[in-house]
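Enquirer: Below you'll find input.csv; it's CSV, C-alpha atoms.
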```csv
chain,number,residue,atom,x,y,z
A,1,MET,CA,-9.0,-58.2,47.5
A,2,ASN,CA,-6.1,-57.1,45.3
A,3,ARG,CA,-2.8,-58.9,45.5
A,4,MET,CA,0.6,-57.3,44.8
A,5,LEU,CA,2.2,-58.7,41.7
A,6,PRO,CA,5.8,-59.9,42.1
A,7,ILE,CA,8.4,-57.5,40.7
A,8,GLN,CA,10.4,-59.1,37.9
A,9,THR,CA,12.9,-56.3,37.1
A,10,LYS,CA,16.5,-57.2,37.6
A,11,ILE,CA,18.0,-54.9,40.2
A,12,PRO,CA,21.7,-54.0,39.9
A,13,ILE,CA,23.9,-54.8,42.9
A,14,GLN,CA,24.5,-51.1,43.7
A,15,THR,CA,20.7,-50.6,44.0
A,16,LYS,CA,20.4,-53.6,46.3
A,17,ILE,CA,23.0,-52.2,48.7
A,18,LEU,CA,21.3,-48.8,48.6
A,19,ILE,CA,17.9,-50.4,49.5
A,20,SER,CA,19.5,-52.5,52.3
A,21,THR,CA,21.2,-49.4,53.8
A,22,THR,CA,18.1,-47.4,53.6
A,23,ILE,CA,15.9,-50.0,55.3
A,24,ASN,CA,18.3,-50.1,58.2
A,25,HIS,CA,17.9,-46.3,58.8
A,26,THR,CA,14.3,-45.6,57.6
A,27,PRO,CA,11.0,-46.3,59.4
A,28,MET,CA,8.8,-49.0,57.8
A,29,LYS,CA,6.2,-46.6,56.5
A,30,ASN,CA,8.8,-45.1,54.1
A,31,ILE,CA,10.5,-48.3,52.9
A,32,LEU,CA,7.9,-49.2,50.3
A,33,LEU,CA,8.0,-45.8,48.7
A,34,LEU,CA,11.8,-45.8,48.5
A,35,THR,CA,11.9,-49.3,47.2
A,36,PHE,CA,9.5,-48.5,44.3
A,37,ALA,CA,11.5,-45.3,43.5
A,38,LEU,CA,14.7,-47.2,43.3
A,39,LEU,CA,13.2,-50.0,41.2
A,40,ALA,CA,11.9,-47.5,38.8
A,41,LEU,CA,15.3,-45.8,38.6
A,42,SER,CA,17.1,-49.2,38.1
A,43,GLY,CA,14.6,-50.1,35.3
A,44,CYS,CA,15.9,-47.2,33.1
A,45,GLY,CA,19.6,-48.1,33.8
A,46,SER,CA,22.0,-50.3,32.0
A,47,SER,CA,21.3,-53.7,30.5
A,48,PRO,CA,22.4,-57.0,32.2
A,49,ASP,CA,26.1,-57.8,32.2
A,50,SER,CA,25.7,-60.4,29.5
A,51,ASP,CA,24.2,-57.8,27.1
A,52,LEU,CA,27.0,-55.4,27.9
A,53,ASP,CA,29.6,-58.1,27.2
A,54,THR,CA,28.0,-58.7,23.8
A,55,LEU,CA,27.9,-55.0,23.0
A,56,LEU,CA,31.6,-54.6,23.8
A,57,ALA,CA,32.5,-57.8,21.8
A,58,ASN,CA,30.7,-56.4,18.7
A,59,GLY,CA,32.9,-53.3,18.7
A,60,ASP,CA,30.2,-51.0,17.5
A,61,LEU,CA,31.7,-47.6,18.5
A,62,GLU,CA,28.5,-45.6,18.2
A,63,ALA,CA,26.5,-48.2,20.3
A,64,ILE,CA,29.2,-48.3,22.9
A,65,LYS,CA,29.2,-44.5,23.2
A,66,ALA,CA,25.4,-44.5,23.5
A,67,ARG,CA,25.6,-47.1,26.3
A,68,ARG,CA,28.2,-45.0,28.1
A,69,GLN,CA,26.0,-42.0,27.9
A,70,GLU,CA,23.1,-44.0,29.2
A,71,LEU,CA,25.1,-45.4,32.2
A,72,SER,CA,26.4,-41.9,33.0
A,73,GLU,CA,22.8,-40.6,33.2
A,74,THR,CA,21.9,-43.5,35.5
A,75,GLU,CA,24.9,-42.7,37.7
A,76,LYS,CA,23.8,-39.1,38.0
A,77,ASN,CA,20.2,-40.2,38.9
A,78,LEU,CA,21.6,-42.6,41.6
A,79,LYS,CA,23.7,-39.9,43.2
A,80,ALA,CA,20.7,-37.5,43.3
A,81,SER,CA,18.6,-40.2,44.9
A,82,LEU,CA,21.4,-40.9,47.5
A,83,ARG,CA,21.4,-37.3,48.4
A,84,GLN,CA,17.7,-37.3,48.9
A,85,ILE,CA,17.9,-40.4,51.0
A,86,ASP,CA,20.7,-39.0,53.2
A,87,SER,CA,18.6,-35.9,53.8
A,88,VAL,CA,15.6,-38.0,54.8
A,89,ILE,CA,17.7,-40.2,57.1
A,90,ALA,CA,19.3,-37.1,58.7
A,91,SER,CA,15.8,-35.6,59.2
A,92,LEU,CA,14.3,-38.8,60.7
A,93,GLU,CA,17.3,-39.3,63.0
A,94,GLY,CA,17.1,-35.7,64.3
A,95,ASN,CA,20.5,-34.7,62.7
A,96,ALA,CA,19.2,-32.0,60.3
A,97,ASN,CA,20.2,-29.2,62.6
A,98,ARG,CA,23.8,-30.5,63.2
A,99,PRO,CA,26.4,-28.4,61.3
A,100,LEU,CA,28.6,-30.4,59.0
A,101,VAL,CA,32.3,-29.8,59.7
A,102,SER,CA,35.7,-31.1,58.9
A,103,THR,CA,38.5,-31.4,61.5
A,104,MET,CA,42.2,-31.8,61.6
A,105,GLN,CA,44.3,-33.4,64.4
A,106,LEU,CA,47.0,-31.1,65.5
A,107,GLN,CA,50.6,-32.4,65.2
A,108,PRO,CA,53.8,-30.6,66.2
A,109,ALA,CA,55.9,-29.6,63.1
A,110,ARG,CA,59.0,-27.5,62.4
A,111,PHE,CA,58.2,-23.9,61.7
A,112,ASP,CA,60.5,-21.4,59.9
A,113,HIS,CA,59.7,-17.8,59.5
A,114,TYR,CA,61.4,-15.6,56.9
A,115,LEU,CA,61.8,-11.9,56.7
A,116,GLU,CA,61.1,-10.7,53.1
A,117,LEU,CA,63.3,-7.9,51.8
A,118,GLN,CA,64.5,-6.6,48.4
A,119,GLY,CA,68.0,-5.5,47.4
A,120,ASP,CA,70.5,-5.4,44.5
A,121,VAL,CA,73.5,-7.6,43.8
A,122,GLN,CA,76.8,-5.8,44.2
A,123,THR,CA,80.5,-6.4,44.0
A,124,LYS,CA,83.2,-4.7,46.0
A,125,GLN,CA,85.5,-5.1,43.0
A,126,ASN,CA,83.9,-3.0,40.4
A,127,VAL,CA,86.2,-0.1,39.5
A,128,LEU,CA,86.9,2.5,36.8
A,129,LEU,CA,90.6,2.7,36.0
A,130,TYR,CA,91.9,6.3,35.5
A,131,PRO,CA,95.2,7.5,34.0
A,132,GLU,CA,97.8,8.6,36.5
A,133,MET,CA,99.8,10.8,34.1
A,134,ALA,CA,99.0,13.1,31.2
A,135,GLY,CA,99.8,12.0,27.7
A,136,THR,CA,98.7,10.1,24.7
A,137,LEU,CA,97.1,6.7,25.2
A,138,GLU,CA,99.7,4.7,23.2
A,139,ARG,CA,98.3,1.2,23.4
A,140,VAL,CA,95.3,-0.6,24.8
A,141,LEU,CA,96.3,-4.2,25.4
A,142,VAL,CA,92.9,-5.8,26.3
A,143,GLU,CA,89.4,-6.0,24.9
A,144,ASP,CA,85.9,-6.2,26.4
A,145,GLY,CA,85.4,-9.6,28.2
A,146,ASP,CA,89.1,-10.4,28.7
A,147,GLN,CA,90.1,-12.2,31.9
A,148,VAL,CA,93.0,-10.5,33.5
A,149,ARG,CA,95.1,-11.2,36.6
A,150,LYS,CA,96.2,-8.8,39.3
A,151,GLY,CA,99.1,-6.5,38.2
A,152,GLN,CA,98.7,-7.2,34.5
A,153,VAL,CA,99.3,-4.2,32.2
A,154,LEU,CA,96.1,-3.2,30.5
A,155,ALA,CA,97.1,0.0,28.6
A,156,ARG,CA,100.2,2.2,28.2
A,157,ILE,CA,100.5,6.0,28.0
A,158,ASP,CA,103.3,7.7,26.0
A,159,ASP,CA,105.9,8.5,28.7
A,160,GLY,CA,107.3,11.5,26.9
A,161,GLY,CA,110.9,10.3,27.1
A,162,LEU,CA,110.9,9.2,30.7
A,163,SER,CA,112.2,5.7,29.8
A,164,SER,CA,115.2,7.2,27.9
A,165,GLY,CA,116.0,9.5,30.8
A,166,LEU,CA,115.8,6.6,33.1
A,167,GLU,CA,118.3,4.6,31.1
A,168,GLN,CA,120.7,7.6,31.3
A,169,LEU,CA,120.3,7.8,35.0
A,170,ARG,CA,121.1,4.1,35.4
A,171,THR,CA,124.2,4.5,33.3
A,172,GLN,CA,125.4,7.4,35.4
A,173,ALA,CA,124.5,5.5,38.6
A,174,ALA,CA,126.6,2.6,37.5
A,175,LEU,CA,129.6,4.8,37.0
A,176,ALA,CA,128.9,6.6,40.3
A,177,GLU,CA,128.7,3.2,42.1
A,178,THR,CA,132.1,2.1,40.8
A,179,THR,CA,133.7,5.4,41.8
A,180,TYR,CA,132.1,5.2,45.2
A,181,GLU,CA,133.4,1.6,45.8
A,182,ARG,CA,136.9,2.6,44.8
A,183,GLN,CA,137.0,5.7,47.0
A,184,LYS,CA,135.6,3.6,49.9
A,185,ARG,CA,138.4,1.0,49.5
A,186,LEU,CA,141.1,3.7,49.5
A,187,TRP,CA,139.5,5.5,52.5
A,188,ASP,CA,139.4,2.2,54.4
A,189,GLN,CA,143.2,2.0,53.8
A,190,ASN,CA,143.7,5.6,54.9
A,191,ILE,CA,144.5,6.6,51.3
A,192,GLY,CA,143.1,9.7,49.7
A,193,SER,CA,141.0,12.5,51.2
A,194,GLU,CA,137.8,12.1,53.1
A,195,ILE,CA,136.1,14.8,50.9
A,196,GLN,CA,136.7,12.6,47.8
A,197,TYR,CA,135.1,9.7,49.5
A,198,LEU,CA,132.0,11.6,50.7
A,199,GLN,CA,131.6,13.3,47.3
A,200,ALA,CA,131.6,9.8,45.6
A,201,LYS,CA,129.1,8.5,48.1
A,202,THR,CA,126.7,11.5,47.8
A,203,GLU,CA,126.8,11.3,44.0
A,204,PHE,CA,125.9,7.6,44.0
A,205,GLU,CA,123.1,8.0,46.5
A,206,SER,CA,121.7,11.0,44.7
A,207,LEU,CA,121.5,9.1,41.4
A,208,THR,CA,120.0,6.1,43.1
A,209,ASN,CA,117.2,8.3,44.4
A,210,GLN,CA,116.7,9.8,41.0
A,211,ILE,CA,116.3,6.4,39.5
A,212,ARG,CA,113.6,5.4,42.1
A,213,GLN,CA,111.7,8.6,41.3
A,214,ALA,CA,112.0,8.1,37.6
A,215,GLU,CA,110.8,4.5,37.9
A,216,ALA,CA,107.8,5.5,40.0
A,217,GLN,CA,106.9,8.2,37.4
A,218,LEU,CA,107.4,5.8,34.5
A,219,ALA,CA,105.2,3.2,36.2
A,220,LYS,CA,102.3,5.7,36.0
A,221,SER,CA,102.5,5.4,32.2
A,222,ALA,CA,101.1,1.8,32.5
A,223,ILE,CA,97.5,1.1,33.6
A,224,ARG,CA,97.6,-2.1,35.6
A,225,ALA,CA,94.8,-4.4,37.0
A,226,PRO,CA,94.4,-3.8,40.7
A,227,PHE,CA,92.8,-7.2,41.1
A,228,SER,CA,92.0,-10.3,39.0
A,229,GLY,CA,88.8,-10.0,37.1
A,230,ILE,CA,87.0,-9.3,33.8
A,231,VAL,CA,87.5,-6.2,31.5
A,232,ASP,CA,83.9,-5.1,31.4
A,233,ASP,CA,84.4,-2.1,29.1
A,234,VAL,CA,87.2,-0.3,27.3
A,235,LEU,CA,86.1,3.3,27.4
A,236,LEU,CA,88.9,5.0,25.4
A,237,GLU,CA,90.8,4.1,22.2
A,238,ALA,CA,94.5,4.2,21.5
A,239,GLY,CA,95.6,7.7,20.4
A,240,THR,CA,93.3,9.5,22.8
A,241,THR,CA,94.9,12.2,24.9
A,242,VAL,CA,94.4,11.5,28.6
A,243,ASN,CA,94.8,13.7,31.7
A,244,PRO,CA,94.2,12.8,35.3
A,245,ALA,CA,92.6,16.2,35.9
A,246,ALA,CA,90.0,15.6,33.2
A,247,GLY,CA,88.6,12.6,35.2
A,248,MET,CA,88.1,10.4,32.1
A,249,PRO,CA,88.3,6.7,32.9
A,250,VAL,CA,90.0,4.3,30.5
A,251,ILE,CA,88.8,0.8,31.5
A,252,ARG,CA,86.1,-0.7,33.7
A,253,LEU,CA,87.2,-3.8,35.6
A,254,VAL,CA,84.9,-6.1,37.6
A,255,ASN,CA,85.4,-9.2,39.6
A,256,LEU,CA,82.2,-11.4,39.6
A,257,SER,CA,83.5,-14.0,42.0
A,258,ASP,CA,82.9,-12.0,45.2
A,259,MET,CA,79.3,-10.9,44.8
A,260,TYR,CA,76.9,-9.9,47.6
A,261,VAL,CA,73.5,-8.4,48.4
A,262,GLU,CA,73.2,-5.6,50.9
A,263,VAL,CA,69.7,-5.0,52.4
A,264,ASP,CA,68.4,-2.6,55.1
A,265,VAL,CA,66.7,-4.5,57.9
A,266,PRO,CA,64.3,-2.8,60.4
A,267,GLU,CA,65.9,-2.3,63.8
A,268,SER,CA,63.2,-4.4,65.5
A,269,TYR,CA,64.9,-7.5,63.9
A,270,LEU,CA,68.3,-6.7,65.4
A,271,PRO,CA,68.2,-9.5,68.0
A,272,SER,CA,67.0,-12.2,65.5
A,273,VAL,CA,69.1,-11.3,62.3
A,274,ARG,CA,72.7,-12.3,63.0
A,275,PRO,CA,75.7,-13.6,61.0
A,276,GLY,CA,75.2,-17.3,60.1
A,277,LYS,CA,71.4,-17.0,59.7
A,278,ASP,CA,70.0,-19.0,56.7
A,279,VAL,CA,69.0,-16.9,53.6
A,280,MET,CA,67.2,-17.7,50.4
A,281,ILE,CA,68.0,-15.3,47.5
A,282,PHE,CA,65.7,-15.3,44.5
A,283,LEU,CA,66.9,-13.6,41.2
A,284,PRO,CA,63.7,-12.9,39.2
A,285,VAL,CA,65.5,-12.1,35.9
A,286,LEU,CA,67.4,-15.4,36.0
A,287,GLY,CA,64.6,-17.4,37.7
A,288,ASP,CA,67.2,-18.8,40.0
A,289,SER,CA,67.3,-19.3,43.8
A,290,ILE,CA,70.4,-19.5,45.9
A,291,ARG,CA,70.8,-20.7,49.5
A,292,THR,CA,73.4,-18.8,51.5
A,293,LYS,CA,73.9,-17.3,55.0
A,294,VAL,CA,74.3,-13.8,56.5
A,295,ARG,CA,77.9,-12.8,56.3
A,296,GLN,CA,77.9,-9.5,58.2
A,297,THR,CA,75.5,-7.2,60.0
A,298,GLY,CA,76.0,-3.4,60.5
A,299,ASN,CA,76.7,-1.8,63.8
A,300,TYR,CA,75.0,1.5,63.0
A,301,ILE,CA,71.3,2.2,63.0
A,302,ASN,CA,70.4,4.6,60.3
A,303,PRO,CA,68.3,7.4,62.0
A,304,THR,CA,66.4,8.2,58.7
A,305,ASN,CA,64.7,4.8,58.3
A,306,ARG,CA,65.6,3.1,61.6
A,307,SER,CA,67.4,0.2,60.0
A,308,PHE,CA,70.8,-1.5,59.9
A,309,SER,CA,72.6,-3.0,56.9
A,310,VAL,CA,73.1,-6.7,56.3
A,311,GLU,CA,75.6,-8.2,53.9
A,312,ILE,CA,74.8,-11.5,52.3
A,313,PRO,CA,77.3,-13.3,50.0
A,314,VAL,CA,76.1,-14.5,46.6
A,315,PRO,CA,78.1,-17.5,45.1
A,316,ASN,CA,78.6,-16.9,41.3
A,317,ARG,CA,80.3,-20.1,40.1
A,318,ASP,CA,79.0,-19.9,36.5
A,319,GLY,CA,79.3,-16.1,36.2
A,320,LYS,CA,75.7,-15.5,35.3
A,321,ILE,CA,75.0,-13.1,38.2
A,322,LYS,CA,75.8,-9.5,37.3
A,323,PRO,CA,76.1,-6.4,39.5
A,324,ASN,CA,72.9,-4.4,40.1
A,325,LEU,CA,70.6,-7.4,39.5
A,326,THR,CA,67.4,-7.1,41.5
A,327,ALA,CA,67.2,-9.8,44.3
A,328,ARG,CA,64.4,-10.9,46.6
A,329,VAL,CA,65.9,-11.9,50.0
A,330,SER,CA,64.3,-14.1,52.6
A,331,ILE,CA,66.2,-14.1,55.9
A,332,ASN,CA,65.3,-16.8,58.5
A,333,ASP,CA,64.7,-14.8,61.6
A,334,TYR,CA,62.8,-17.4,63.7
A,335,SER,CA,62.5,-21.2,63.9
A,336,ALA,CA,60.7,-23.6,66.1
A,337,GLU,CA,61.3,-27.4,66.1
A,338,ALA,CA,57.9,-28.5,67.4
A,339,ALA,CA,55.3,-25.8,66.7
A,340,ILE,CA,51.5,-26.0,66.6
A,341,LEU,CA,50.4,-24.7,63.2
A,342,VAL,CA,46.9,-23.9,61.9
A,343,PRO,CA,45.5,-22.3,58.8
A,344,PRO,CA,44.7,-18.5,59.3
A,345,SER,CA,41.1,-19.2,58.2
A,346,VAL,CA,40.2,-21.1,61.3
A,347,ILE,CA,41.1,-18.2,63.7
A,348,SER,CA,38.3,-15.8,64.7
A,349,GLU,CA,38.3,-12.7,66.8
A,350,ASN,CA,35.7,-11.6,69.4
A,351,ALA,CA,34.6,-8.0,70.3
A,352,GLU,CA,37.4,-7.8,72.9
A,353,GLY,CA,40.0,-8.5,70.3
A,354,GLN,CA,40.7,-12.0,71.7
A,355,GLN,CA,41.4,-14.7,69.1
A,356,TYR,CA,39.8,-18.1,69.3
A,357,VAL,CA,39.3,-21.4,67.5
A,358,TYR,CA,36.8,-24.2,67.7
A,359,LEU,CA,37.7,-27.8,68.7
A,360,ALA,CA,35.7,-30.9,68.3
A,361,GLU,CA,35.5,-32.9,71.5
A,362,ASP,CA,33.6,-36.0,72.8
A,363,ILE,CA,33.5,-37.5,69.3
A,364,ASP,CA,31.5,-40.8,69.1
A,365,ALA,CA,31.8,-43.6,66.6
A,366,GLU,CA,29.2,-42.0,64.3
A,367,GLY,CA,31.4,-38.8,64.0
A,368,VAL,CA,29.1,-36.7,66.2
A,369,GLY,CA,30.9,-34.4,68.6
A,370,THR,CA,30.7,-31.2,70.5
A,371,ALA,CA,32.1,-27.8,69.4
A,372,VAL,CA,34.2,-26.2,72.1
A,373,LYS,CA,35.6,-22.6,71.9
A,374,ARG,CA,39.3,-22.1,72.9
A,375,LEU,CA,41.0,-18.7,73.3
A,376,VAL,CA,44.5,-18.9,71.7
A,377,GLU,CA,47.6,-16.8,71.5
A,378,THR,CA,49.1,-16.6,68.0
A,379,GLY,CA,52.7,-16.1,67.0
A,380,LEU,CA,54.2,-15.4,63.6
A,381,SER,CA,52.7,-16.5,60.3
A,382,GLN,CA,54.3,-17.8,57.1
A,383,GLY,CA,52.3,-18.5,54.0
A,384,ASP,CA,49.2,-20.5,55.0
A,385,GLN,CA,50.4,-21.3,58.5
A,386,VAL,CA,50.1,-19.5,61.8
A,387,GLU,CA,51.9,-20.6,64.9
A,388,ILE,CA,49.8,-21.1,68.0
A,389,LEU,CA,51.7,-20.3,71.2
A,390,SER,CA,49.1,-21.3,73.8
A,391,GLY,CA,45.4,-22.4,74.1
A,392,ILE,CA,45.6,-25.7,72.2
A,393,GLU,CA,48.0,-28.5,72.0
A,394,ALA,CA,49.1,-31.5,69.9
A,395,GLY,CA,46.3,-34.2,69.6
A,396,ASP,CA,43.4,-31.7,69.6
A,397,GLN,CA,40.8,-32.0,66.8
A,398,ILE,CA,40.5,-28.5,65.4
A,399,ILE,CA,37.5,-27.6,63.2
A,400,THR,CA,38.9,-26.5,59.9
A,401,GLU,CA,35.8,-26.2,57.7
A,402,GLY,CA,32.5,-25.1,59.0
A,403,ALA,CA,34.0,-23.3,62.1
A,404,ARG,CA,32.1,-20.1,61.3
A,405,ARG,CA,28.7,-21.9,61.5
A,406,VAL,CA,29.1,-23.5,65.0
A,407,ARG,CA,28.4,-22.3,68.5
A,408,GLU,CA,29.9,-23.1,71.9
A,409,GLY,CA,28.6,-26.5,73.1
A,410,GLN,CA,26.7,-27.3,69.9
A,411,LYS,CA,26.5,-30.8,68.6
A,412,ILE,CA,28.3,-31.2,65.2
A,413,GLN,CA,28.6,-33.9,62.5
A,414,ILE,CA,32.2,-34.5,61.4
A,415,LEU,CA,32.4,-35.4,57.8
A,416,ASN,CA,36.0,-36.7,57.8
A,417,LYS,CA,35.6,-39.1,60.7
A,418,ALA,CA,35.5,-42.8,59.7
```
In structure tokens, what does this structure look like?
Expert:
Amino acid sequence: MNRMLPIQTKIPIQTKILISTTINHTPMKNILLLTFALLALSGCGSSPDSDLDTLLANGDLEAIKARRQELSETEKNLKASLRQIDSVIASLEGNANRPLVSTMQLQPARFDHYLELQGDVQTKQNVLLYPEMAGTLERVLVEDGDQVRKGQVLARIDDGGLSSGLEQLRTQAALAETTYERQKRLWDQNIGSEIQYLQAKTEFESLTNQIRQAEAQLAKSAIRAPFSGIVDDVLLEAGTTVNPAAGMPVIRLVNLSDMYVEVDVPESYLPSVRPGKDVMIFLPVLGDSIRTKVRQTGNYINPTNRSFSVEIPVPNRDGKIKPNLTARVSINDYSAEAAILVPPSVISENAEGQQYVYLAEDIDAEGVGTAVKRLVETGLSQGDQVEILSGIEAGDQIITEGARRVREGQKIQILNKA
């Protein structure tokens, strides 16, 4: 009668734990076979800990690398053996036909939906300055990029003698005023004739009106800034003959402090897009994002594209933002403080067009549960989230991975359950 020889191979602690776990789940007829397989695997593994300490202490780099490669191969073999053992255990316990799934417990969360649109940055103060009188452009007093204030003279046109004529009128008006005041004092004392008084008064008033007209005409010889801003471009040089009828601008003036984006919003969003709504503006060229709010919504629906205009201010503190920059606009048109959100991948649709998800219910300590189908009503989606309006609620365990492989009432094995 043959006797079994005692096994002298030193078994690593990981292998001992694996054997112990396997014995607790495997019938006795398979224990001996598994034990010999694991012992054979451990025999080609790493050396005892004392040998490893000696190897590390010697500092032989090549030997250490070789040992690491040896241990890595052993680890791969152990993982392969574990997978085989898990498969056998599942088969022997009758779990082989249970789908493996992952679940997620639903929790209420804030949900913000954004309407994505595209527009251009604009400014209401971007104007071309034209001459108001004909003549020679005498002087240009600014250069490209100059900061100017409202009312500042930017260029002058030769007035053709208007200034000299104005001075003569002022001299004549001064004499007429003196004459009028003397005639008035005499008339108040009943001295002199009324006609002399009225002639002096008429002369003075006529000259005063002529001075006003001359001043207004002379003012047209100066091109002034209608608002504070930046000289973007000087279009004509001194010495150029200008004429209002020619339609030739002299200077472009812009103000970059009051920028905005105007976008066309479909009329279906009229109730949800209102002044004060949060907006995120992204400027691709600058790689910059700006948080702002809707300033104004239009009161007219364009019949061509069934949309209304929305104006959104764009702060420009550092002056980097320029007119006509392309902007991507995200307008917050819907928010919910406690929404039920799920990934779009877990939602399926039946032949009737109804949407449904699978929940895991009656889950035991081993992570075995039952798949239950629930019809749901979905709302808006944003990115990788879809709001569920009805059908499921907070606390439910929804199947996130493996939902396509389960059936109503089927037993399932949950992988992420402790």
Enquirer: Given all atoms listed in the file, how would the per-residue table for range 54-137 of chain A near range 406-416 of chain A read, listing every residue at most 9 Å away with its closest atom pair and distance in Å to one decimal, sorted by chain and number, as JSON lines?
Expert:
```
{"residue": "A:Asn95", "atom": "CA", "partner": "A:Gln413", "partner_atom": "CA", "distance": 8.1}
{"residue": "A:Asn97", "atom": "CA", "partner": "A:Ile412", "partner_atom": "CA", "distance": 8.7}
{"residue": "A:Arg98", "atom": "CA", "partner": "A:Ile412", "partner_atom": "CA", "distance": 5.0}
{"residue": "A:Pro99", "atom": "CA", "partner": "A:Ile412", "partner_atom": "CA", "distance": 5.2}
{"residue": "A:Leu100", "atom": "CA", "partner": "A:Gln413", "partner_atom": "CA", "distance": 4.9}
{"residue": "A:Val101", "atom": "CA", "partner": "A:Ile414", "partner_atom": "CA", "distance": 5.0}
{"residue": "A:Ser102", "atom": "CA", "partner": "A:Ile414", "partner_atom": "CA", "distance": 5.5}
{"residue": "A:Thr103", "atom": "CA", "partner": "A:Asn416", "partner_atom": "CA", "distance": 6.9}
{"residue": "A:Met104", "atom": "CA", "partner": "A:Asn416", "partner_atom": "CA", "distance": 8.8}
```
Enquirer: Please, which residues in range 237-338 of chain A fall within 7 Å of range 107-119 of chain A when counting all atoms listed in the file, and what is the closest atom pair and distance in Å to one decimal for each, ordered by chain then residue number, as JSON lines?
Expert:
```
{"residue": "A:Val261", "atom": "CA", "partner": "A:Gly119", "partner_atom": "CA", "distance": 6.3}
{"residue": "A:Glu262", "atom": "CA", "partner": "A:Gly119", "partner_atom": "CA", "distance": 6.3}
{"residue": "A:Val263", "atom": "CA", "partner": "A:Gly119", "partner_atom": "CA", "distance": 5.3}
{"residue": "A:Thr326", "atom": "CA", "partner": "A:Gly119", "partner_atom": "CA", "distance": 6.1}
{"residue": "A:Ala327", "atom": "CA", "partner": "A:Gly119", "partner_atom": "CA", "distance": 5.4}
{"residue": "A:Arg328", "atom": "CA", "partner": "A:Gln118", "partner_atom": "CA", "distance": 4.7}
{"residue": "A:Val329", "atom": "CA", "partner": "A:Leu117", "partner_atom": "CA", "distance": 5.1}
{"residue": "A:Ser330", "atom": "CA", "partner": "A:Glu116", "partner_atom": "CA", "distance": 4.7}
{"residue": "A:Ile331", "atom": "CA", "partner": "A:Leu115", "partner_atom": "CA", "distance": 5.0}
{"residue": "A:Asn332", "atom": "CA", "partner": "A:Tyr114", "partner_atom": "CA", "distance": 4.4}
{"residue": "A:Asp333", "atom": "CA", "partner": "A:Tyr114", "partner_atom": "CA", "distance": 5.8}
{"residue": "A:Tyr334", "atom": "CA", "partner": "A:His113", "partner_atom": "CA", "distance": 5.2}
{"residue": "A:Ser335", "atom": "CA", "partner": "A:Asp112", "partner_atom": "CA", "distance": 4.5}
{"residue": "A:Ala336", "atom": "CA", "partner": "A:Phe111", "partner_atom": "CA", "distance": 5.1}
{"residue": "A:Glu337", "atom": "CA", "partner": "A:Arg110", "partner_atom": "CA", "distance": 4.4}
{"residue": "A:Ala338", "atom": "CA", "partner": "A:Pro108", "partner_atom": "CA", "distance": 4.8}
```
Enquirer: Determine, counting all atoms listed in the file, which protein, DNA and RNA residues have an atom within 9 Å of an atom of Leu166 in chain A; residues of the same chain fewer than 6 positions away are not included. Present the result as a list in words.
Expert: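 Using all atoms listed in the file, the neighbours found are Gln210, Ile211, Ala214, Glu215 and Leu218 of chain A.
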Enquirer: So which residues touch Glu177 in chain A within 12 Å, counting all atoms listed in the file, skipping near sequence neighbours fewer than 5 positions away, as a PyMOL selection string?
Expert: chain A and resi 169-172+182-184+197+199-208
Enquirer: Using all atoms listed in the file, which residue out of A:Leu235, A:Lys322, A:Val285, A:Arg405 lies closest to Leu128 in chain A?
Expert: A:Leu235
Enquirer: Hey, what's within 8 Å of range 370-379 of chain A if we count all atoms listed in the file and toss same-chain stuff fewer than 6 positions away? As JSON, numbers by chain, please?
Expert: {"A": [354, 355, 356, 357, 358, 359, 360, 361, 362, 363, 386, 387, 388, 389, 390, 391, 392, 406, 407, 408, 409, 410, 411, 412]}
Enquirer: What does the distance between CA of Thr179 in chain A and CA of Glu167 in chain A come to in Å, to one decimal place?
Expert: 18.8 Å
Enquirer: Taking into account all atoms listed in the file, which residue in the set A:Lys220, A:Arg306, A:Lys79, A:Arg185 is nearest to Met133 in chain A?
Expert: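 Among A:Lys220, A:Arg306, A:Lys79, A:Arg185, it is A:Lys220 that comes nearest to Met133 in chain A.
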Enquirer: Return the single residue from A:Val140, A:Ile191, A:Met280, A:Gln147 that is closest to Asp232 in chain A, with distances computed using only C-alpha atoms.
Expert: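 Closest to Asp232 in chain A, using only C-alpha atoms: A:Gln147.
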Enquirer: For CA of Pro284 in chain A and CA of Leu325 in chain A, determine how far apart the two atoms are, in Å to one decimal place.
Expert: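 Interatomic distance here is 8.8 Å.
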Enquirer: If you count only C-alpha atoms, which residues fall within 7 Å of Lys277 in chain A, apart from same-chain ones fewer than 4 positions away, as a VMD selection string?
Expert: chain A and resid 273 293 to 294 332
Enquirer: Ranking A:Ala245, A:Leu71, A:Val314, A:Leu162 by minimum distance to Val279 in chain A and counting only C-alpha atoms, which one comes first?
Expert: A:Val314
Enquirer: Kindly give the distance, in Å, that separates CA of Ser307 in chain A and CA of Tyr269 in chain A, rounded to a single decimal.
Expert: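 Computing it gives 9.0 Å between the two atoms.
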Enquirer: Which residue out of A:Gly239, A:Gly287, A:Pro226, A:Gly298 has the minimum interatomic distance to Arg274 in chain A when all atoms listed in the file are used?
Expert: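 Nearest candidate to Arg274 in chain A out of A:Gly239, A:Gly287, A:Pro226, A:Gly298: A:Gly298.
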Enquirer: Taking (95.2, -3.8, 23.4) in the file's coordinates as the center, which residues reach within 9 Å of it, counting only C-alpha atoms, put as a VMD selection string?
Expert: chain A and resid 139 to 143 154 to 155 238
Enquirer: Find the residue from A:Pro244, A:Pro315, A:Gly151, A:Pro266 that sits nearest to Pro303 in chain A; use only C-alpha atoms when measuring.
Expert: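 Counting only C-alpha atoms, the residue closest to Pro303 in chain A is A:Pro266.
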